[in-house]
$ cat entry_27.cif   # mmCIF, C-alpha atoms
data_structure
loop_
_atom_site.group_PDB
_atom_site.id
_atom_site.type_symbol
_atom_site.label_atom_id
_atom_site.label_comp_id
_atom_site.auth_asym_id
_atom_site.auth_seq_id
_atom_site.Cartn_x
_atom_site.Cartn_y
_atom_site.Cartn_z
ATOM 1 C CA ARG A 1 15.399 33.490 -33.820
ATOM 2 C CA ALA A 2 14.063 30.945 -31.361
ATOM 3 C CA TYR A 3 15.396 28.695 -28.584
ATOM 4 C CA LEU A 4 18.154 31.098 -27.500
ATOM 5 C CA ALA A 5 19.672 31.812 -24.077
ATOM 6 C CA GLY A 6 19.403 35.123 -22.277
ATOM 7 C CA MET A 7 20.953 36.744 -19.225
ATOM 8 C CA GLY A 8 21.652 40.121 -17.657
ATOM 9 C CA THR A 9 19.398 43.027 -16.722
ATOM 10 C CA GLN A 10 16.872 45.283 -18.454
ATOM 11 C CA THR A 11 19.572 47.757 -19.502
ATOM 12 C CA ALA A 12 22.504 45.358 -19.907
ATOM 13 C CA ALA A 13 21.272 42.083 -21.408
ATOM 14 C CA LEU A 14 22.894 39.370 -23.495
ATOM 15 C CA ALA A 15 21.273 36.964 -25.977
ATOM 16 C CA ALA A 16 23.178 33.995 -27.440
ATOM 17 C CA GLY A 17 22.657 31.090 -29.806
ATOM 18 C CA GLY A 18 19.342 29.771 -31.019
ATOM 19 C CA ARG A 19 17.728 28.700 -34.252
ATOM 20 C CA ASN A 20 17.104 30.949 -37.236
ATOM 21 C CA GLY A 21 14.698 28.937 -39.366
ATOM 22 C CA PRO A 22 14.224 25.173 -39.683
ATOM 23 C CA GLY A 23 17.501 23.375 -38.991
ATOM 24 C CA VAL A 24 19.603 26.576 -39.007
ATOM 25 C CA LEU A 25 21.533 26.758 -35.710
ATOM 26 C CA VAL A 26 23.305 30.022 -34.900
ATOM 27 C CA ALA A 27 26.144 31.102 -32.610
ATOM 28 C CA VAL A 28 25.153 34.784 -32.746
ATOM 29 C CA THR A 29 25.664 36.921 -29.629
ATOM 30 C CA GLU A 30 23.932 40.263 -29.121
ATOM 31 C CA GLU A 31 24.124 42.832 -26.311
ATOM 32 C CA TYR A 32 21.213 45.092 -25.319
ATOM 33 C CA ASP A 33 21.842 48.504 -23.701
ATOM 34 C CA GLY A 34 18.251 49.325 -22.781
ATOM 35 C CA THR A 35 17.559 50.847 -26.203
ATOM 36 C CA SER A 36 19.090 48.756 -28.979
ATOM 37 C CA TRP A 37 20.819 45.473 -29.783
ATOM 38 C CA THR A 38 24.428 45.247 -31.034
ATOM 39 C CA GLU A 39 25.994 42.086 -32.438
ATOM 40 C CA GLN A 40 29.158 40.909 -30.686
ATOM 41 C CA ASN A 41 31.574 37.991 -31.130
ATOM 42 C CA ASP A 42 29.811 34.678 -31.775
ATOM 43 C CA MET A 43 29.828 31.677 -29.449
ATOM 44 C CA SER A 44 32.238 28.895 -30.402
ATOM 45 C CA THR A 45 29.465 26.331 -30.919
ATOM 46 C CA ALA A 46 26.164 27.053 -32.672
ATOM 47 C CA ARG A 47 23.275 25.457 -30.784
ATOM 48 C CA ARG A 48 19.674 25.931 -29.743
ATOM 49 C CA MET A 49 17.634 25.043 -26.645
ATOM 50 C CA LEU A 50 20.528 26.092 -24.368
ATOM 51 C CA ALA A 51 20.389 27.812 -20.975
ATOM 52 C CA GLY A 52 22.074 30.949 -19.723
ATOM 53 C CA ALA A 53 23.097 32.608 -16.464
ATOM 54 C CA GLY A 54 25.110 35.623 -15.386
ATOM 55 C CA THR A 55 25.480 39.151 -16.689
ATOM 56 C CA GLN A 56 26.341 40.951 -19.902
ATOM 57 C CA THR A 57 30.021 41.124 -18.915
ATOM 58 C CA ALA A 58 30.224 37.753 -17.151
ATOM 59 C CA GLY A 59 27.779 35.488 -18.985
ATOM 60 C CA LEU A 60 27.463 31.735 -19.146
ATOM 61 C CA VAL A 61 25.709 29.423 -21.618
ATOM 62 C CA PHE A 62 25.445 25.660 -21.259
ATOM 63 C CA GLY A 63 23.854 22.581 -22.781
ATOM 64 C CA GLY A 64 21.613 22.827 -25.821
ATOM 65 C CA GLY A 65 21.255 20.820 -28.989
ATOM 66 C CA THR A 66 21.239 19.470 -31.758
ATOM 67 C CA PRO A 67 22.811 17.070 -30.998
ATOM 68 C CA ASN A 68 22.552 17.214 -27.198
ATOM 69 C CA SER A 69 25.459 19.188 -25.811
ATOM 70 C CA ASP A 70 27.458 19.166 -22.585
ATOM 71 C CA ALA A 71 29.378 22.316 -23.636
ATOM 72 C CA THR A 72 29.751 25.397 -21.452
ATOM 73 C CA GLU A 73 30.958 28.774 -22.713
ATOM 74 C CA GLU A 74 31.875 31.835 -20.651
ATOM 75 C CA TYR A 75 31.492 35.419 -21.932
ATOM 76 C CA ASP A 76 33.716 38.241 -20.645
ATOM 77 C CA GLY A 77 31.890 41.143 -22.290
ATOM 78 C CA THR A 78 33.844 40.706 -25.528
ATOM 79 C CA SER A 79 34.362 37.069 -26.422
ATOM 80 C CA TRP A 80 33.516 33.488 -25.461
ATOM 81 C CA THR A 81 35.868 30.848 -24.022
ATOM 82 C CA ALA A 82 35.264 27.193 -23.187
ATOM 83 C CA GLY A 83 34.198 26.328 -19.651
ATOM 84 C CA GLY A 84 33.878 22.955 -17.937
ATOM 85 C CA THR A 85 31.691 20.303 -19.569
ATOM 86 C CA MET A 86 28.407 19.288 -17.977
ATOM 87 C CA ASN A 87 27.991 15.781 -16.563
ATOM 88 C CA THR A 88 24.746 15.253 -18.508
ATOM 89 C CA ALA A 89 24.517 16.411 -22.130
ATOM 90 C CA ARG A 90 21.022 17.835 -22.681
ATOM 91 C CA ARG A 91 18.811 20.391 -24.339
ATOM 92 C CA TYR A 92 15.615 22.219 -23.267
ATOM 93 C CA LEU A 93 17.157 22.896 -19.834
ATOM 94 C CA GLY A 94 16.774 25.849 -17.492
ATOM 95 C CA GLY A 95 19.479 27.777 -15.702
ATOM 96 C CA PHE A 96 20.059 30.511 -13.174
ATOM 97 C CA GLY A 97 22.826 32.132 -11.130
ATOM 98 C CA ILE A 98 26.052 33.835 -12.144
ATOM 99 C CA GLN A 99 29.080 32.790 -14.184
ATOM 100 C CA THR A 100 30.981 31.457 -11.170
ATOM 101 C CA SER A 101 27.971 29.981 -9.363
ATOM 102 C CA ALA A 102 25.210 28.634 -11.614
ATOM 103 C CA ILE A 103 22.519 25.943 -11.547
ATOM 104 C CA ALA A 104 21.309 23.841 -14.518
ATOM 105 C CA ILE A 105 17.919 22.138 -14.150
ATOM 106 C CA GLY A 106 15.881 19.535 -16.004
ATOM 107 C CA GLY A 107 15.945 19.223 -19.774
ATOM 108 C CA SER A 108 15.851 16.345 -22.216
ATOM 109 C CA ASN A 109 18.704 14.193 -23.512
ATOM 110 C CA THR A 110 17.456 11.117 -25.319
ATOM 111 C CA SER A 111 15.541 10.076 -28.399
ATOM 112 C CA PRO A 112 12.707 9.509 -27.876
ATOM 113 C CA ALA A 113 12.797 12.546 -25.613
ATOM 114 C CA THR A 114 12.668 11.976 -21.862
ATOM 115 C CA ALA A 115 12.085 14.638 -19.186
ATOM 116 C CA LEU A 116 15.048 14.894 -16.805
ATOM 117 C CA THR A 117 15.080 15.656 -13.080
ATOM 118 C CA THR A 118 18.852 16.228 -13.125
ATOM 119 C CA VAL A 119 20.306 19.275 -11.359
ATOM 120 C CA GLU A 120 23.944 20.387 -11.706
ATOM 121 C CA SER A 121 25.868 23.252 -10.128
ATOM 122 C CA TYR A 122 28.778 25.161 -11.704
ATOM 123 C CA ASP A 123 31.571 26.807 -9.687
ATOM 124 C CA GLY A 124 33.230 28.686 -12.531
ATOM 125 C CA SER A 125 35.196 25.700 -13.798
ATOM 126 C CA THR A 126 33.491 22.391 -12.897
ATOM 127 C CA TRP A 127 29.927 21.052 -13.013
ATOM 128 C CA THR A 128 28.802 18.840 -10.105
ATOM 129 C CA THR A 129 25.653 16.711 -10.158
ATOM 130 C CA SER A 130 23.477 17.635 -7.189
ATOM 131 C CA PRO A 131 21.808 15.015 -4.982
ATOM 132 C CA ALA A 132 18.804 17.394 -4.971
ATOM 133 C CA SER A 133 16.922 16.341 -8.120
ATOM 134 C CA LEU A 134 13.715 17.966 -9.306
ATOM 135 C CA ALA A 135 10.598 16.106 -8.158
ATOM 136 C CA THR A 136 9.053 16.550 -11.616
ATOM 137 C CA GLY A 137 11.132 15.864 -14.737
ATOM 138 C CA ARG A 138 10.660 18.658 -17.255
ATOM 139 C CA GLY A 139 11.977 20.115 -20.459
ATOM 140 C CA GLY A 140 11.926 23.839 -21.154
ATOM 141 C CA PRO A 141 11.381 25.115 -17.617
ATOM 142 C CA ALA A 142 11.594 28.798 -16.802
ATOM 143 C CA ALA A 143 14.197 29.236 -14.086
ATOM 144 C CA ALA A 144 15.091 32.107 -11.780
ATOM 145 C CA GLY A 145 17.212 32.690 -8.716
ATOM 146 C CA ASN A 146 20.707 32.125 -7.437
ATOM 147 C CA THR A 147 22.561 29.173 -5.957
ATOM 148 C CA THR A 148 20.964 29.612 -2.531
ATOM 149 C CA ALA A 149 17.323 30.083 -3.591
ATOM 150 C CA GLY A 150 15.717 29.450 -6.968
ATOM 151 C CA LEU A 151 12.658 28.355 -8.905
ATOM 152 C CA ALA A 152 11.859 25.794 -11.606
ATOM 153 C CA ILE A 153 8.664 27.011 -13.254
ATOM 154 C CA GLY A 154 6.460 25.069 -15.659
ATOM 155 C CA GLY A 155 7.907 23.281 -18.673
ATOM 156 C CA PHE A 156 6.718 20.250 -20.603
ATOM 157 C CA ASN A 157 7.024 16.498 -20.685
ATOM 158 C CA PRO A 158 8.791 15.822 -24.009
ATOM 159 C CA SER A 159 7.708 12.161 -23.987
ATOM 160 C CA PHE A 160 4.035 13.114 -24.180
ATOM 161 C CA GLY A 161 4.115 16.753 -25.320
ATOM 162 C CA THR A 162 2.090 17.785 -22.264
ATOM 163 C CA ALA A 163 2.546 21.018 -20.326
ATOM 164 C CA ILE A 164 3.689 20.959 -16.700
ATOM 165 C CA SER A 165 2.216 23.578 -14.381
ATOM 166 C CA ALA A 166 4.266 22.615 -11.306
ATOM 167 C CA THR A 167 6.623 25.086 -9.668
ATOM 168 C CA GLU A 168 9.452 23.861 -7.470
ATOM 169 C CA GLU A 169 11.500 25.943 -5.057
ATOM 170 C CA TYR A 170 15.240 25.408 -4.548
ATOM 171 C CA ASN A 171 16.609 26.010 -1.068
ATOM 172 C CA VAL A 172 20.267 25.502 -0.259
ATOM 173 C CA SER A 173 19.645 25.342 3.503
ATOM 174 C CA ALA A 174 17.398 22.260 3.213
ATOM 175 C CA THR A 175 19.246 18.973 2.798
ATOM 176 C CA VAL A 176 18.792 15.896 0.646
ATOM 177 C CA THR A 177 21.524 13.535 1.895
ATOM 178 C CA THR A 178 23.973 16.416 1.356
ATOM 179 C CA GLY A 179 23.416 19.666 -0.434
ATOM 180 C CA ALA A 180 20.180 21.462 -1.201
ATOM 181 C CA ALA A 181 16.568 20.438 -1.748
ATOM 182 C CA TRP A 182 13.645 21.122 -4.091
ATOM 183 C CA ALA A 183 10.096 21.426 -2.751
ATOM 184 C CA ALA A 184 6.682 22.127 -4.273
ATOM 185 C CA GLY A 185 6.066 25.846 -4.696
#

$ encode --input "entry_27.cif" --output "structure tokens"
Amino acid sequence: RAYLAGMGTQTAALAAGGRNGPGVLVAVTEEYDGTSWTEQNDMSTARRMLAGAGTQTAGLVFGGGTPNSDATEEYDGTSWTAGGTMNTARRYLGGFGIQTSAIAIGGSNTSPATALTTVESYDGSTWTTSPASLATGRGGPAAAGNTTAGLAIGGFNPSFGTAISATEEYNVSATVTTGAAWAAG
């Protein structure tokens, strides 16, 4: 499948959602133990182009499409439950952090597609829009880090279909009005 979310470590990973063929959205969840994959309980909402954060026993998925979603689901190692809804419904977003402290970056939410600079943080129950937006709007960025230091890597501009090579660094100790800041990497 394609367009799924992943989280965890090399020997304790989790994969969720995605697309299995044209127009076939899935809610499938699989755990990896370092050797093989085992199917677990499905997510509540089938979707693709979603983001993930956390671990195999405390996972988090958010956003996605089609249509654009503001849904968040939390995984406890066995099953999924609903979390707080995002402020901006979107797909093709990036995410990093843990289940109780995650960051959602960029994405696309309109038709025709528009690259977003929006950044939101999750505290385990509520999403808050950050004043620290990305400098470069992007869909499909790779993302890594935690809520004190992270990266937005690459992506694409969905309006033009062009690749973005820019990397931005997230630093919680820098301020933009209040909160954290993004800077060129």

$ closest_atom_pairs --input "entry_27.cif" --of "range 28-57 of chain A" --to "range 109-128 of chain A" --cutoff "12 Å" --atoms "all atoms listed in the file" --output "CSV"
residue,atom,partner,partner_atom,distance
A:Met49,CA,A:Asn109,CA,11.3
A:Gly52,CA,A:Tyr122,CA,11.9
A:Ala53,CA,A:Tyr122,CA,10.5
A:Gly54,CA,A:Gly124,CA,11.1

$ resolve_selection --input "entry_27.cif" --expression "the PyMOL selection byres ((chain A and resi 148) around 9)" --output "PyMOL selection string"
chain A and resi 145-147+149-150+170-173+180

$ residues_near_point --input "entry_27.cif" --point "(17.8, 22.7, -16.2)" --cutoff "8 Å" --atoms "only C-alpha atoms" --output "PDB file with C-alpha atoms, in the frame of the given file"
ATOM      1  CA  ALA A  51      20.389  27.812 -20.975  1.00  0.00           C
ATOM      2  CA  TYR A  92      15.615  22.219 -23.267  1.00  0.00           C
ATOM      3  CA  LEU A  93      17.157  22.896 -19.834  1.00  0.00           C
ATOM      4  CA  GLY A  94      16.774  25.849 -17.492  1.00  0.00           C
ATOM      5  CA  GLY A  95      19.479  27.777 -15.702  1.00  0.00           C
ATOM      6  CA  ILE A 103      22.519  25.943 -11.547  1.00  0.00           C
ATOM      7  CA  ALA A 104      21.309  23.841 -14.518  1.00  0.00           C
ATOM      8  CA  ILE A 105      17.919  22.138 -14.150  1.00  0.00           C
ATOM      9  CA  GLY A 106      15.881  19.535 -16.004  1.00  0.00           C
ATOM     10  CA  GLY A 107      15.945  19.223 -19.774  1.00  0.00           C
ATOM     11  CA  THR A 118      18.852  16.228 -13.125  1.00  0.00           C
ATOM     12  CA  VAL A 119      20.306  19.275 -11.359  1.00  0.00           C
ATOM     13  CA  GLU A 120      23.944  20.387 -11.706  1.00  0.00           C
ATOM     14  CA  GLY A 139      11.977  20.115 -20.459  1.00  0.00           C
ATOM     15  CA  GLY A 140      11.926  23.839 -21.154  1.00  0.00           C
ATOM     16  CA  PRO A 141      11.381  25.115 -17.617  1.00  0.00           C
ATOM     17  CA  ALA A 143      14.197  29.236 -14.086  1.00  0.00           C
TER      18      ALA A 143
END

$ resolve_selection --input "entry_27.cif" --expression "the PyMOL selection byres ((chain A and resi 5) around 10)" --output "list in words"
Ala2, Tyr3, Leu4, Gly6, Met7, Leu14, Ala15, Ala16, Gly17, Gly18, Thr29, Arg47, Arg48, Met49, Leu50, Ala51, Gly52, Ala53, Leu60, Val61, Phe62, Gly64, Gly94 and Gly95 of chain A

$ atom_distance --input "entry_27.cif" --atom1 "CA of Asn87 in chain A" --atom2 "CA of Ala71 in chain A"
9.7 Å

$ atom_distance --input "entry_27.cif" --atom1 "CA of Asp42 in chain A" --atom2 "CA of Gly155 in chain A"
28.0 Å

$ atom_distance --input "entry_27.cif" --atom1 "CA of Ala166 in chain A" --atom2 "CA of Arg19 in chain A"
27.3 Å
